[in-house]
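Here's run_21.cif, which has mmCIF, C-alpha atoms:
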data_start
#
loop_
_atom_site.label_atom_id
_atom_site.label_comp_id
_atom_site.auth_asym_id
_atom_site.auth_seq_id
_atom_site.Cartn_x
_atom_site.Cartn_y
_atom_site.Cartn_z
CA MET A 1 71.10 104.46 93.33
CA LEU A 2 73.83 103.72 90.74
CA LYS A 3 72.51 106.00 88.01
CA ASP A 4 74.62 108.92 89.27
CA SER A 5 77.80 106.90 89.77
CA ALA A 6 80.73 106.84 87.35
CA LEU A 7 81.29 103.56 85.52
CA MET A 8 84.47 101.52 85.67
CA ALA A 9 85.22 98.46 83.57
CA VAL A 10 87.59 95.76 84.82
CA LEU A 11 89.83 93.95 82.34
CA PRO A 12 92.16 90.99 82.91
CA ALA A 13 95.79 90.86 81.74
CA LYS A 14 98.14 87.89 81.74
CA ASP A 15 101.08 90.30 81.53
CA ILE A 16 100.38 93.67 83.15
CA ASN A 17 103.48 95.30 81.65
CA ARG A 18 102.59 94.13 78.14
CA ALA A 19 99.07 95.52 78.65
CA LYS A 20 100.47 98.84 79.90
CA ASP A 21 102.64 99.08 76.78
CA PHE A 22 99.68 98.31 74.51
CA TYR A 23 97.38 100.89 76.08
CA ARG A 24 100.15 103.52 75.98
CA ASP A 25 101.63 102.79 72.54
CA LYS A 26 98.50 101.82 70.60
CA LEU A 27 95.73 103.77 72.35
CA GLY A 28 97.68 106.71 73.79
CA LEU A 29 96.54 106.07 77.37
CA GLU A 30 98.56 106.40 80.56
CA PRO A 31 97.41 104.96 83.89
CA SER A 32 96.19 107.56 86.36
CA ASP A 33 97.14 105.29 89.24
CA THR A 34 99.10 102.08 89.71
CA MET A 35 98.56 99.42 92.31
CA GLU A 36 100.55 96.33 93.21
CA ASP A 37 98.63 94.13 90.77
CA GLY A 38 96.77 96.62 88.57
CA LEU A 39 96.56 99.80 86.56
CA LEU A 40 93.76 102.34 86.79
CA TYR A 41 92.85 104.49 83.78
CA ARG A 42 90.47 107.46 84.07
CA GLY A 43 88.65 109.30 81.31
CA SER A 44 88.00 113.04 81.42
CA ASP A 45 84.30 112.30 81.98
CA GLY A 46 84.87 110.38 85.22
CA THR A 47 84.59 106.92 83.69
CA GLY A 48 87.51 104.56 83.84
CA PHE A 49 88.82 101.05 83.76
CA LEU A 50 91.08 98.84 85.80
CA ILE A 51 93.48 96.28 84.36
CA TYR A 52 94.56 93.56 86.77
CA GLU A 53 96.88 90.59 86.36
CA THR A 54 95.33 87.12 86.10
CA GLU A 55 95.71 83.96 84.04
CA ASN A 56 92.06 84.32 82.95
CA ALA A 57 92.84 87.09 80.45
CA GLY A 58 91.64 86.60 76.90
CA THR A 59 89.10 83.90 77.71
CA ALA A 60 85.92 85.99 77.28
CA LYS A 61 84.37 85.76 73.82
CA ASN A 62 82.33 88.94 74.13
CA THR A 63 82.97 92.67 74.02
CA GLN A 64 84.40 93.70 77.36
CA MET A 65 84.76 97.45 76.98
CA GLY A 66 84.19 100.12 74.38
CA TRP A 67 84.49 103.76 73.50
CA VAL A 68 81.85 105.95 71.86
CA THR A 69 83.17 108.30 69.20
CA ASP A 70 81.70 110.88 66.87
CA ASN A 71 83.95 109.78 63.98
CA LEU A 72 84.49 106.02 63.82
CA GLU A 73 86.46 106.04 60.56
CA ARG A 74 88.94 108.64 61.86
CA GLU A 75 89.53 106.68 65.07
CA MET A 76 90.01 103.46 63.12
CA GLU A 77 92.47 105.12 60.76
CA GLU A 78 94.54 106.44 63.66
CA LEU A 79 94.51 103.08 65.45
CA ARG A 80 95.41 101.17 62.29
CA ALA A 81 98.36 103.53 61.81
CA LYS A 82 99.56 102.37 65.25
CA GLY A 83 99.22 98.69 64.34
CA VAL A 84 95.74 97.90 65.68
CA THR A 85 93.91 95.26 63.63
CA PHE A 86 90.13 95.30 63.51
CA GLU A 87 88.16 92.08 63.68
CA GLU A 88 85.91 90.80 60.89
CA TYR A 89 82.63 89.13 61.84
CA ASP A 90 80.05 87.25 59.79
CA LEU A 91 77.41 86.24 62.31
CA PRO A 92 73.61 86.31 62.22
CA GLY A 93 72.74 90.00 62.61
CA LEU A 94 76.38 91.13 62.62
CA LYS A 95 78.48 91.31 59.47
CA THR A 96 81.43 93.67 59.22
CA GLU A 97 82.95 95.13 56.08
CA ASN A 98 86.48 96.44 56.42
CA GLY A 99 86.05 95.98 60.18
CA VAL A 100 82.83 98.03 60.45
CA VAL A 101 79.23 97.02 61.05
CA ASP A 102 76.63 99.58 59.99
CA ASN A 103 73.20 99.02 61.58
CA THR A 104 70.17 101.07 62.50
CA TRP A 105 71.77 101.96 65.87
CA GLY A 106 74.98 103.23 64.25
CA LYS A 107 78.41 101.87 63.38
CA GLY A 108 80.69 99.61 65.37
CA ALA A 109 84.15 98.08 65.15
CA TRP A 110 86.04 95.62 67.36
CA PHE A 111 89.70 94.90 68.09
CA LEU A 112 91.73 92.86 70.56
CA ASP A 113 94.11 94.30 73.11
CA SER A 114 97.45 92.67 73.87
CA GLU A 115 95.75 90.32 76.35
CA GLY A 116 93.02 89.05 74.01
CA ASN A 117 90.26 91.23 75.47
CA ILE A 118 87.65 92.31 72.91
CA LEU A 119 87.33 96.11 72.78
CA SER A 120 85.00 98.20 70.65
CA LEU A 121 84.44 101.56 69.08
CA SER A 122 80.94 102.76 68.30
CA GLN A 123 79.33 105.76 66.67
CA ARG A 124 75.62 106.23 67.29
CA THR A 125 73.36 107.60 64.57
#

Please express the file's structure as structure tokens.
Amino acid sequence: MLKDSALMAVLPAKDINRAKDFYRDKLGLEPSDTMEDGLLYRGSDGTGFLIYETENAGTAKNTQMGWVTDNLEREMEELRAKGVTFEEYDLPGLKTENGVVDNTWGKGAWFLDSEGNILSLSQRT
């Protein structure tokens, strides 16, 4: 049933305009559509995400959305040049070095958006 449907993540923002600026200035993304209380972003592959305004933003302590890349280091370098800071973790089964975890499944890195949402980059092996 859902296996042929495009995916869409939904992210909260305390300040929708601040979030819009972050996604434009740091990630190079422009909304494909705007609504009264939200912004819709679409990828070229049909996937997308919605950002909506709510006081609940930044309260989740888990990864909320991520991008798959074929060159994690290049993406991180470009994002760092725009002021994005990558998180460091030292948890059972997850230890980053210079913001990157390297496991049997591939590499991963995490950063926060302007609203405190945890976003990720991953490169599969």

Please provide as number ranges by chain all residues within 6 Å of segment 114-119 of chain A, with the sequence filter that same-chain residues fewer than 5 positions apart are discarded (counting only C-alpha atoms). A: 13, 19, 57-58, 63-66

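Counting only C-alpha atoms, Phe111 of chain A has the following residues at most 7 Å away, ignoring those fewer than 2 positions along the same chain: Thr85, Phe86, Glu87, Asp113, Ile118, Leu119 and Ser120 of chain A.
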
Selected residue of minimal separation from Glu53 of chain A among A:Glu97, A:Asp102, A:Asp70, A:Glu36, counting all atoms listed in the file: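 Among the listed residues, the smallest separation from Glu53 of chain A belongs to A:Glu36.
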
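You can rank A:Gly43, A:Gly108, A:Gly28, A:Gly38 by their closest distance to Tyr89 of chain A using all atoms listed in the file, and at the top of that list sits A:Gly108.
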
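With all atoms listed in the file as the atoms that count, the residue of A:Val68, A:Leu40, A:Met8, A:Val101 with the shortest distance to Ser122 of chain A is A:Val68.
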
d(atom CA of Val10 of chain A, atom CA of Tyr23 of chain A) in Å: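 Calculated distance between atom CA of Val10 of chain A and atom CA of Tyr23 of chain A is 14.1 Å.
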
Run through the PyMOL selection byres ((chain A and resi 42) around 9) on the given coordinates and return the selected residues as JSON, numbers by chain. {"A": [8, 30, 31, 32, 33, 40, 41, 43, 44, 45, 46, 47, 48, 49, 50]}

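Nearest to Asn103 of chain A of all the residues A:Arg124, A:Lys82, A:Lys14, A:Lys20 is A:Arg124, based on only C-alpha atoms.
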
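Across A:Asp37, A:Asp21, A:Glu78, A:Asp90, the tightest approach to Tyr52 of chain A is made by A:Asp37 when counting all atoms listed in the file.
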
If we count all atoms listed in the file and set the cut-off at 9 Å, which residues sit around Gln123 of chain A, ignoring sequence neighbours fewer than 4 positions away in its own chain? Please answer as a PyMOL selection string. chain A and resi 67-72+105-108

May I ask for the distance between atom CA of Gly99 of chain A and atom CA of Met76 of chain A, given in Å to one decimal place?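 Pair atom CA of Gly99 of chain A / atom CA of Met76 of chain A returns 9.0 Å.
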
Would you kindly return, as a PyMOL selection string, each protein, DNA or RNA residue with an atom no farther than 9 Å from any atom of Lys26 of chain A, considering only C-alpha atoms and excluding same-chain residues fewer than 5 positions away? chain A and resi 21+79-84

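Of note, atom CA of Ile16 of chain A and atom CA of Leu112 of chain A are spaced 15.3 Å apart.
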